[in-house]
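Pasted below: run_25.cif, mmCIF, C-alpha atoms.
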```cif
data_final
#
loop_
_atom_site.label_atom_id
_atom_site.label_comp_id
_atom_site.auth_asym_id
_atom_site.auth_seq_id
_atom_site.Cartn_x
_atom_site.Cartn_y
_atom_site.Cartn_z
CA MET A 1 61.45 -53.51 61.45
CA LYS A 2 61.16 -52.10 57.89
CA SER A 3 64.47 -50.86 56.48
CA LYS A 4 64.65 -47.38 55.01
CA ILE A 5 66.23 -46.92 51.57
CA ARG A 6 68.77 -44.15 51.52
CA PHE A 7 70.62 -42.57 48.56
CA PHE A 8 74.27 -41.42 48.59
CA TYR A 9 76.62 -39.70 46.19
CA LEU A 10 80.43 -39.37 46.14
CA SER A 11 81.59 -35.93 47.15
CA GLU A 12 84.88 -35.17 45.41
CA ARG A 13 85.33 -32.19 47.65
CA HIS A 14 85.18 -34.21 50.85
CA LEU A 15 86.35 -37.52 49.32
CA ARG A 16 83.55 -39.40 50.95
CA TYR A 17 79.98 -40.51 50.38
CA LYS A 18 77.19 -38.11 51.39
CA GLU A 19 73.52 -38.82 51.74
CA ILE A 20 71.01 -37.17 49.32
CA ARG A 21 68.37 -35.62 51.54
CA LEU A 22 64.66 -35.45 50.40
CA PHE A 23 65.58 -37.41 47.29
CA ARG A 24 62.03 -38.61 46.58
CA THR A 25 60.53 -35.16 46.95
CA LYS A 26 63.12 -33.63 44.66
CA LEU A 27 62.67 -36.46 42.13
CA SER A 28 58.90 -36.06 42.11
CA THR A 29 59.17 -32.29 41.70
CA SER A 30 61.61 -32.69 38.84
CA ILE A 31 59.35 -35.20 37.10
CA VAL A 32 56.35 -32.87 37.47
CA LEU A 33 58.26 -29.88 36.12
CA VAL A 34 59.69 -31.79 33.17
CA THR A 35 56.29 -33.33 32.38
CA GLY A 36 54.62 -29.89 32.59
CA ALA A 37 57.22 -28.37 30.31
CA LEU A 38 56.84 -31.18 27.79
CA LEU A 39 53.05 -30.93 27.91
CA PHE A 40 53.10 -27.14 27.45
CA SER A 41 55.48 -27.50 24.52
CA LEU A 42 53.27 -30.15 22.99
CA LEU A 43 50.11 -28.02 23.36
CA TYR A 44 51.92 -24.98 21.99
CA ILE A 45 53.07 -26.90 18.93
CA ASN A 46 49.55 -28.40 18.52
CA HIS A 47 47.95 -24.95 18.64
CA TYR A 48 50.14 -23.51 15.92
CA TYR A 49 50.41 -26.58 13.72
CA PHE A 50 46.83 -27.43 12.70
CA ASP A 51 45.72 -29.17 15.91
CA PHE A 52 47.30 -32.51 14.95
CA LEU A 53 46.32 -33.91 18.36
CA GLY A 54 42.62 -33.25 17.57
CA LEU A 55 41.96 -31.17 20.67
CA GLY A 56 39.65 -28.70 18.80
CA TYR A 57 41.67 -25.48 19.11
CA SER A 58 41.34 -24.63 15.41
CA ARG A 59 37.56 -25.24 15.52
CA ILE A 60 37.19 -23.05 18.59
CA THR A 61 39.17 -20.29 16.88
CA SER A 62 37.09 -20.67 13.73
CA LEU A 63 33.82 -20.56 15.67
CA THR A 64 35.01 -17.52 17.59
CA ASN A 65 35.79 -15.71 14.34
CA GLU A 66 32.45 -16.75 12.86
CA LYS A 67 30.63 -15.48 15.93
CA ARG A 68 32.37 -12.12 15.64
CA ILE A 69 31.52 -11.84 11.94
CA LEU A 70 27.89 -12.89 12.51
CA GLN A 71 27.49 -10.33 15.28
CA GLN A 72 28.86 -7.62 12.99
CA GLN A 73 26.52 -8.63 10.16
CA LEU A 74 23.56 -8.86 12.54
CA GLN A 75 24.31 -5.36 13.80
CA LYS A 76 24.53 -4.14 10.21
CA LEU A 77 21.19 -5.77 9.30
CA THR A 78 19.55 -4.24 12.38
CA THR A 79 20.78 -0.81 11.31
CA GLN A 80 19.45 -1.33 7.79
CA MET A 81 16.08 -2.49 9.11
CA ALA A 82 15.89 0.65 11.27
CA LYS A 83 16.37 2.70 8.08
CA MET A 84 13.62 0.66 6.43
CA GLU A 85 11.33 1.50 9.32
CA THR A 86 12.01 5.20 8.75
CA THR A 87 11.19 4.75 5.05
CA LEU A 88 7.93 3.00 5.99
CA ASP A 89 7.05 5.97 8.20
CA ARG A 90 7.42 8.25 5.19
CA LEU A 91 5.35 5.86 3.07
CA SER A 92 2.67 5.94 5.74
CA ASP A 93 2.53 9.74 5.52
CA ARG A 94 2.34 9.53 1.72
CA SER A 95 -0.37 6.88 2.01
CA ASN A 96 -2.48 9.25 4.11
CA GLU A 97 -2.04 11.98 1.50
CA LEU A 98 -3.23 9.60 -1.22
CA ARG A 99 -6.15 8.47 0.94
CA LEU A 100 -7.34 12.06 1.25
CA MET A 101 -6.99 12.52 -2.52
CA VAL A 102 -9.38 9.62 -3.18
CA ASP A 103 -11.72 10.63 -0.33
CA LEU A 104 -10.71 7.93 2.18
CA PRO A 105 -10.17 8.64 5.90
CA LYS A 106 -6.57 8.89 7.11
CA ILE A 107 -5.03 6.07 9.17
CA ASP A 108 -4.34 7.81 12.49
CA GLU A 109 -1.34 6.97 14.65
CA ASP A 110 -3.36 4.97 17.20
CA THR A 111 -4.86 2.77 14.47
CA ARG A 112 -1.47 2.30 12.88
CA ARG A 113 0.19 1.41 16.21
CA ALA A 114 -2.54 -1.16 16.87
CA GLY A 115 -2.08 -2.54 13.36
CA VAL A 116 1.66 -3.09 13.74
CA GLY A 117 1.42 -4.56 17.23
CA GLY A 118 2.44 -1.66 19.46
CA GLY A 119 5.67 -2.17 21.42
CA ALA A 120 8.52 -4.56 20.69
CA VAL A 121 8.10 -8.26 21.46
CA SER A 122 10.83 -10.01 23.48
CA TYR A 123 12.20 -13.36 22.27
CA ASP A 124 14.36 -15.87 24.18
CA PHE A 125 16.69 -17.86 21.90
CA GLY A 126 18.55 -19.57 24.75
CA LEU A 127 21.96 -18.25 23.65
CA ALA A 128 24.90 -18.29 26.06
CA SER A 129 26.12 -14.88 24.86
CA ASN A 130 24.04 -11.99 26.19
CA ASP A 131 25.26 -9.68 23.42
CA ALA A 132 24.32 -12.12 20.67
CA GLY A 133 20.95 -12.78 22.29
CA ARG A 134 20.23 -9.07 22.60
CA LEU A 135 21.17 -8.38 18.97
CA LEU A 136 19.10 -11.29 17.67
CA ASN A 137 16.13 -10.30 19.82
CA ASN A 138 16.24 -6.68 18.63
CA SER A 139 16.57 -7.60 14.97
CA THR A 140 13.79 -10.23 15.15
CA SER A 141 11.41 -7.84 16.92
CA LEU A 142 12.17 -5.12 14.39
CA LEU A 143 11.69 -7.52 11.49
CA ASP A 144 8.29 -8.59 12.86
CA LYS A 145 7.25 -4.96 13.22
CA ILE A 146 8.38 -4.13 9.67
CA ALA A 147 6.45 -7.14 8.33
CA ARG A 148 3.25 -5.97 10.07
CA GLU A 149 3.83 -2.40 8.85
CA ILE A 150 4.26 -3.62 5.27
CA GLU A 151 1.04 -5.63 5.52
CA LEU A 152 -0.79 -2.58 6.89
CA GLN A 153 0.53 -0.37 4.08
CA LYS A 154 -0.33 -3.04 1.49
CA LYS A 155 -3.93 -3.08 2.70
CA SER A 156 -4.01 0.72 2.67
CA TYR A 157 -2.69 0.94 -0.88
CA ASP A 158 -5.15 -1.76 -1.98
CA GLU A 159 -7.93 0.38 -0.50
CA ILE A 160 -6.56 3.45 -2.29
CA TYR A 161 -6.37 1.61 -5.61
CA ASN A 162 -9.87 0.17 -5.26
CA ARG A 163 -11.28 3.57 -4.30
CA TYR A 164 -9.41 5.17 -7.21
CA GLU A 165 -10.95 2.66 -9.64
CA TYR A 166 -14.36 3.25 -8.05
CA ASN A 167 -13.93 7.02 -8.33
CA LYS A 168 -12.90 6.75 -11.99
CA ASP A 169 -16.09 4.85 -12.79
CA PHE A 170 -18.19 7.03 -10.49
CA PHE A 171 -16.92 10.34 -11.88
CA ALA A 172 -17.23 9.08 -15.45
CA GLY A 173 -20.90 8.37 -14.79
CA ILE A 174 -21.78 11.70 -13.18
CA PRO A 175 -23.77 13.78 -15.71
CA ALA A 176 -21.24 16.64 -15.72
CA LEU A 177 -21.49 17.66 -19.39
CA LYS A 178 -23.96 20.12 -20.86
CA PRO A 179 -25.69 17.81 -23.36
CA MET A 180 -26.33 20.33 -26.16
CA ASN A 181 -25.22 23.74 -27.37
CA GLY A 182 -27.91 26.36 -26.92
CA TYR A 183 -29.49 28.88 -24.58
CA TYR A 184 -31.33 28.24 -21.33
CA SER A 185 -32.82 30.18 -18.45
CA THR A 186 -31.25 29.91 -15.00
CA ILE A 187 -34.79 29.91 -13.53
CA GLY A 188 -36.04 27.19 -15.87
CA PHE A 189 -36.05 24.51 -13.14
CA GLY A 190 -38.92 24.28 -10.65
CA LEU A 191 -42.30 26.01 -10.56
CA ARG A 192 -42.96 28.07 -13.71
CA MET A 193 -45.62 29.03 -16.23
CA HIS A 194 -46.12 26.24 -18.77
CA PRO A 195 -45.62 27.73 -22.27
CA VAL A 196 -48.42 25.63 -23.83
CA LEU A 197 -50.91 25.06 -21.03
CA GLY A 198 -50.64 28.60 -19.64
CA ILE A 199 -50.67 27.45 -16.01
CA TYR A 200 -48.05 27.26 -13.26
CA LYS A 201 -46.55 23.79 -13.24
CA THR A 202 -43.43 22.22 -11.77
CA HIS A 203 -40.74 21.87 -14.40
CA ASP A 204 -38.55 18.90 -13.51
CA GLY A 205 -35.72 19.68 -15.91
CA LEU A 206 -34.10 22.38 -17.98
CA ASP A 207 -34.95 23.51 -21.51
CA ILE A 208 -31.96 24.15 -23.77
CA ILE A 209 -33.10 26.06 -26.85
CA SER A 210 -31.60 25.35 -30.27
CA ASP A 211 -32.66 24.54 -33.85
CA VAL A 212 -34.12 21.18 -34.82
CA GLY A 213 -31.31 18.73 -35.67
CA THR A 214 -28.76 20.11 -33.15
CA ALA A 215 -26.52 17.30 -31.86
CA VAL A 216 -27.36 15.92 -28.39
CA TYR A 217 -24.59 14.24 -26.37
CA ALA A 218 -24.55 11.87 -23.39
CA ALA A 219 -23.79 13.79 -20.20
CA GLY A 220 -21.93 10.85 -18.63
CA ASN A 221 -21.05 7.19 -19.12
CA GLY A 222 -24.00 4.84 -18.79
CA VAL A 223 -26.44 2.37 -20.33
CA VAL A 224 -29.52 3.36 -22.34
CA GLU A 225 -32.60 2.20 -20.40
CA TYR A 226 -35.02 3.17 -23.13
CA ALA A 227 -34.97 5.16 -26.36
CA THR A 228 -38.40 5.54 -27.92
CA HIS A 229 -41.40 7.76 -28.47
CA SER A 230 -43.01 8.32 -25.07
CA GLY A 231 -46.52 8.59 -26.47
CA GLY A 232 -47.00 11.68 -24.27
CA GLY A 233 -45.72 15.20 -23.74
CA TYR A 234 -42.03 14.24 -23.89
CA GLY A 235 -42.25 13.05 -27.50
CA LYS A 236 -39.17 11.09 -28.54
CA VAL A 237 -37.12 10.46 -25.42
CA ILE A 238 -33.93 8.76 -24.17
CA LEU A 239 -33.26 7.68 -20.56
CA ILE A 240 -29.69 6.79 -19.57
CA ASN A 241 -28.76 4.97 -16.37
CA HIS A 242 -25.34 6.16 -15.14
CA ARG A 243 -25.30 3.86 -12.08
CA TYR A 244 -24.61 5.09 -8.54
CA GLY A 245 -28.21 6.34 -8.50
CA TYR A 246 -27.87 8.81 -11.41
CA GLN A 247 -30.14 8.98 -14.47
CA THR A 248 -30.52 11.55 -17.24
CA LEU A 249 -33.48 12.11 -19.55
CA TYR A 250 -33.42 13.79 -23.00
CA ALA A 251 -36.83 14.70 -24.48
CA HIS A 252 -38.54 16.32 -27.52
CA LEU A 253 -35.94 14.74 -29.82
CA SER A 254 -36.26 14.67 -33.61
CA LYS A 255 -33.95 11.67 -34.10
CA ILE A 256 -32.63 8.93 -31.78
CA ARG A 257 -29.19 7.45 -32.54
CA VAL A 258 -28.95 4.83 -29.77
CA SER A 259 -30.94 1.77 -28.74
CA GLU A 260 -32.05 0.19 -25.48
CA GLY A 261 -29.23 -1.62 -23.62
CA GLN A 262 -26.49 0.22 -25.48
CA MET A 263 -23.49 1.48 -23.49
CA VAL A 264 -22.61 5.12 -24.15
CA LYS A 265 -19.76 7.35 -23.05
CA ARG A 266 -19.77 10.95 -21.94
CA GLY A 267 -19.57 13.17 -25.02
CA GLU A 268 -20.95 10.51 -27.37
CA ARG A 269 -23.62 11.75 -29.80
CA ILE A 270 -26.91 10.05 -28.95
CA ALA A 271 -29.64 12.09 -30.66
CA GLU A 272 -30.71 15.26 -32.44
CA SER A 273 -32.93 17.89 -30.87
CA GLY A 274 -36.43 18.59 -32.13
CA LYS A 275 -39.95 19.59 -31.08
CA THR A 276 -41.80 16.29 -30.66
CA GLY A 277 -44.40 16.06 -27.89
CA LEU A 278 -46.10 18.97 -26.11
CA VAL A 279 -43.80 21.92 -26.92
CA SER A 280 -44.08 25.51 -28.11
CA GLY A 281 -40.83 25.42 -30.11
CA PRO A 282 -37.66 23.44 -30.78
CA HIS A 283 -35.58 22.68 -27.69
CA LEU A 284 -34.11 19.87 -25.58
CA HIS A 285 -35.83 19.06 -22.30
CA TYR A 286 -33.06 17.67 -20.04
CA GLU A 287 -33.43 16.11 -16.59
CA VAL A 288 -30.95 14.87 -13.97
CA ARG A 289 -32.21 12.38 -11.38
CA HIS A 290 -30.46 10.90 -8.35
CA ARG A 291 -32.14 7.98 -6.60
CA GLY A 292 -35.49 9.17 -7.94
CA VAL A 293 -35.03 12.82 -6.87
CA LYS A 294 -34.98 15.32 -9.74
CA LEU A 295 -32.11 17.80 -9.45
CA ASN A 296 -31.35 21.10 -11.13
CA PRO A 297 -29.15 20.22 -14.16
CA ILE A 298 -27.39 23.62 -13.96
CA ASP A 299 -25.62 22.39 -10.83
CA PHE A 300 -23.82 19.78 -12.98
CA PHE A 301 -22.95 21.84 -16.06
CA LEU A 302 -19.48 22.72 -17.29
CA ASP A 303 -20.71 25.60 -19.42
CA ASP A 304 -17.24 26.51 -20.73
CA LEU A 305 -16.83 23.06 -22.33
CA PRO A 306 -18.80 22.57 -25.58
CA PRO A 307 -20.13 18.99 -25.59
CA GLN A 308 -18.69 18.21 -29.04
CA ASP A 309 -15.17 19.08 -27.78
CA TYR A 310 -15.14 16.70 -24.81
CA LEU A 311 -14.09 13.43 -26.50
CA PRO A 312 -11.38 15.08 -28.68
CA ARG A 313 -9.90 16.72 -25.58
CA LEU A 314 -10.02 13.41 -23.72
CA ALA A 315 -8.25 11.66 -26.62
CA SER A 316 -5.53 14.33 -26.80
CA ARG A 317 -4.86 13.97 -23.07
CA ASN A 318 -4.30 10.22 -23.44
#
```
Give the structure from the file, written as structure tokens.
Amino acid sequence: MKSKIRFFYLSERHLRYKEIRLFRTKLSTSIVLVTGALLFSLLYINHYYFDFLGLGYSRITSLTNEKRILQQQLQKLTTQMAKMETTLDRLSDRSNELRLMVDLPKIDEDTRRAGVGGGAVSYDFGLASNDAGRLLNNSTSLLDKIAREIELQKKSYDEIYNRYEYNKDFFAGIPALKPMNGYYSTIGFGLRMHPVLGIYKTHDGLDIISDVGTAVYAAGNGVVEYATHSGGGYGKVILINHRYGYQTLYAHLSKIRVSEGQMVKRGERIAESGKTGLVSGPHLHYEVRHRGVKLNPIDFFLDDLPPQDYLPRLASRN
């Protein structure tokens, strides 16, 4: 039979030995409590004294602080990007105004929405924190949208610039200047009585009447296609190609000041009027053609701008 170990203590009150009941249970409980207290104290000291046990408390605290700061900065960036999106909306409106100014169609809202990708795209970054994941998803989606909007506006402004450059060249070539000082009849274009032949004949241009030797100016920028004596009714003649389908012809000249292939600018002196060819008196026969169709030159005149004043005014503006 196995003997049972019992523990006694001397009771001074009763002057005899008394048995300690549940000694092992009490001893175990005491050991657990003391060990727990020591462990708590040790962890407490470790937490406040630089984690000398290497349990990672300081790193966890640092990461927690970094996470909080990053979330704040991410929220700030998202707010700033939302402001940028508002600015891009205003730029889009301004872009449409500029497009109308250079004769380009507006970018409507449906086209713009298709260009920037429509609704927001959802991203999954696999983050444990729902708040951080939501913030990062919102900012990334907004950044993608802004990038597409910027690309759309860049293309639009490139179109505007290219059209502006085209318009500058196009408008400079349009024969918008009255080529010579003098008088003309508003019914001088079309069917009329020929002053020499005495029969009704279609008159393809306009006769501007002035003395022999009056300065003749280019009506628009262009290249001289030919400058010679026609050998016919036009006498000495100049033909200028203004591109974009426009040509101008200057006939019955007394003197030619340009040569074939020469580039001329609107307002540049190219000849002097005369009475060469089949004419009844000194004048300039002037034609405007567009893609082979002869147009009434009066429709292009700026009568209140003397041709010799155009280049000085242009220089003073610049």
Self-check item: Coordinates-based distance that separates atom CA of Glu85 of chain A from atom CA of Leu152 of chain A (Å, one decimal)
Solution: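 Atom CA of Glu85 of chain A lies at a distance of 13.0 Å from atom CA of Leu152 of chain A.
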Practice problem: Could you tell me which residues the PyMOL selection byres ((chain A and resi 226) around 12) grabs in this file, written as a VMD selection string? | Solution: chain A and resid 222 to 225 227 to 230 236 to 241 247 to 251 256 to 263
Exercise. Quick one: pull the distance between atom CA of Pro297 of chain A and atom CA of Glu268 of chain A, Å, one decimal.
Key: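 Interatomic distance, atom CA of Pro297 of chain A to atom CA of Glu268 of chain A: 18.3 Å.
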Quiz item: Nearest to Asp299 of chain A: which of A:Gln72, A:Thr35, A:Glu287, A:His203 is it, counting only C-alpha atoms?
Solution: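 Looking only at the distances to Asp299 of chain A, the closest residue turns out to be A:Glu287.
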Quiz item: In Å, with one decimal, what is the gap from atom CA of Tyr166 of chain A to atom CA of Pro105 of chain A?
Solution: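 Interatomic distance here is 15.5 Å.
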Quiz item: Quick one: which residues end up in the PyMOL selection byres ((chain A and resi 177) around 9) for this structure, as a list of chain:residue names?
Solution: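 Selected by the PyMOL selection byres ((chain A and resi 177) around 9) here: A:Ile174, A:Pro175, A:Ala176, A:Lys178, A:Pro179, A:Met180, A:Tyr217, A:Ala218, A:Ala219, A:Gly220, A:Arg266, A:Gly267, A:Phe300, A:Phe301, A:Leu302, A:Asp303, A:Leu305, A:Pro306, A:Pro307, A:Tyr310.
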Restrict the selected residues to C-alpha atoms and save them as a CSV table (one decimal), keeping the file's coordinate frame.
```csv
chain,number,residue,atom,x,y,z
A,174,ILE,CA,-21.8,11.7,-13.2
A,175,PRO,CA,-23.8,13.8,-15.7
A,176,ALA,CA,-21.2,16.6,-15.7
A,178,LYS,CA,-24.0,20.1,-20.9
A,179,PRO,CA,-25.7,17.8,-23.4
A,180,MET,CA,-26.3,20.3,-26.2
A,217,TYR,CA,-24.6,14.2,-26.4
A,218,ALA,CA,-24.6,11.9,-23.4
A,219,ALA,CA,-23.8,13.8,-20.2
A,220,GLY,CA,-21.9,10.8,-18.6
A,266,ARG,CA,-19.8,11.0,-21.9
A,267,GLY,CA,-19.6,13.2,-25.0
A,300,PHE,CA,-23.8,19.8,-13.0
A,301,PHE,CA,-23.0,21.8,-16.1
A,302,LEU,CA,-19.5,22.7,-17.3
A,303,ASP,CA,-20.7,25.6,-19.4
A,305,LEU,CA,-16.8,23.1,-22.3
A,306,PRO,CA,-18.8,22.6,-25.6
A,307,PRO,CA,-20.1,19.0,-25.6
A,310,TYR,CA,-15.1,16.7,-24.8
```
Quiz prompt | Non-local contacts of His290 of chain A (7 Å; all atoms listed in the file; under 3 positions in same chain excluded) as JSON, numbers by chain | solution = {"A": [245, 246, 247, 293, 294]}
Quiz item: Could you write out as a list in words the residues that the PyMOL selection byres ((chain A and resi 233) around 7) matches in the shown file?
Solution: Gly232, Tyr234, Gly235, Gly277 and Leu278 of chain A
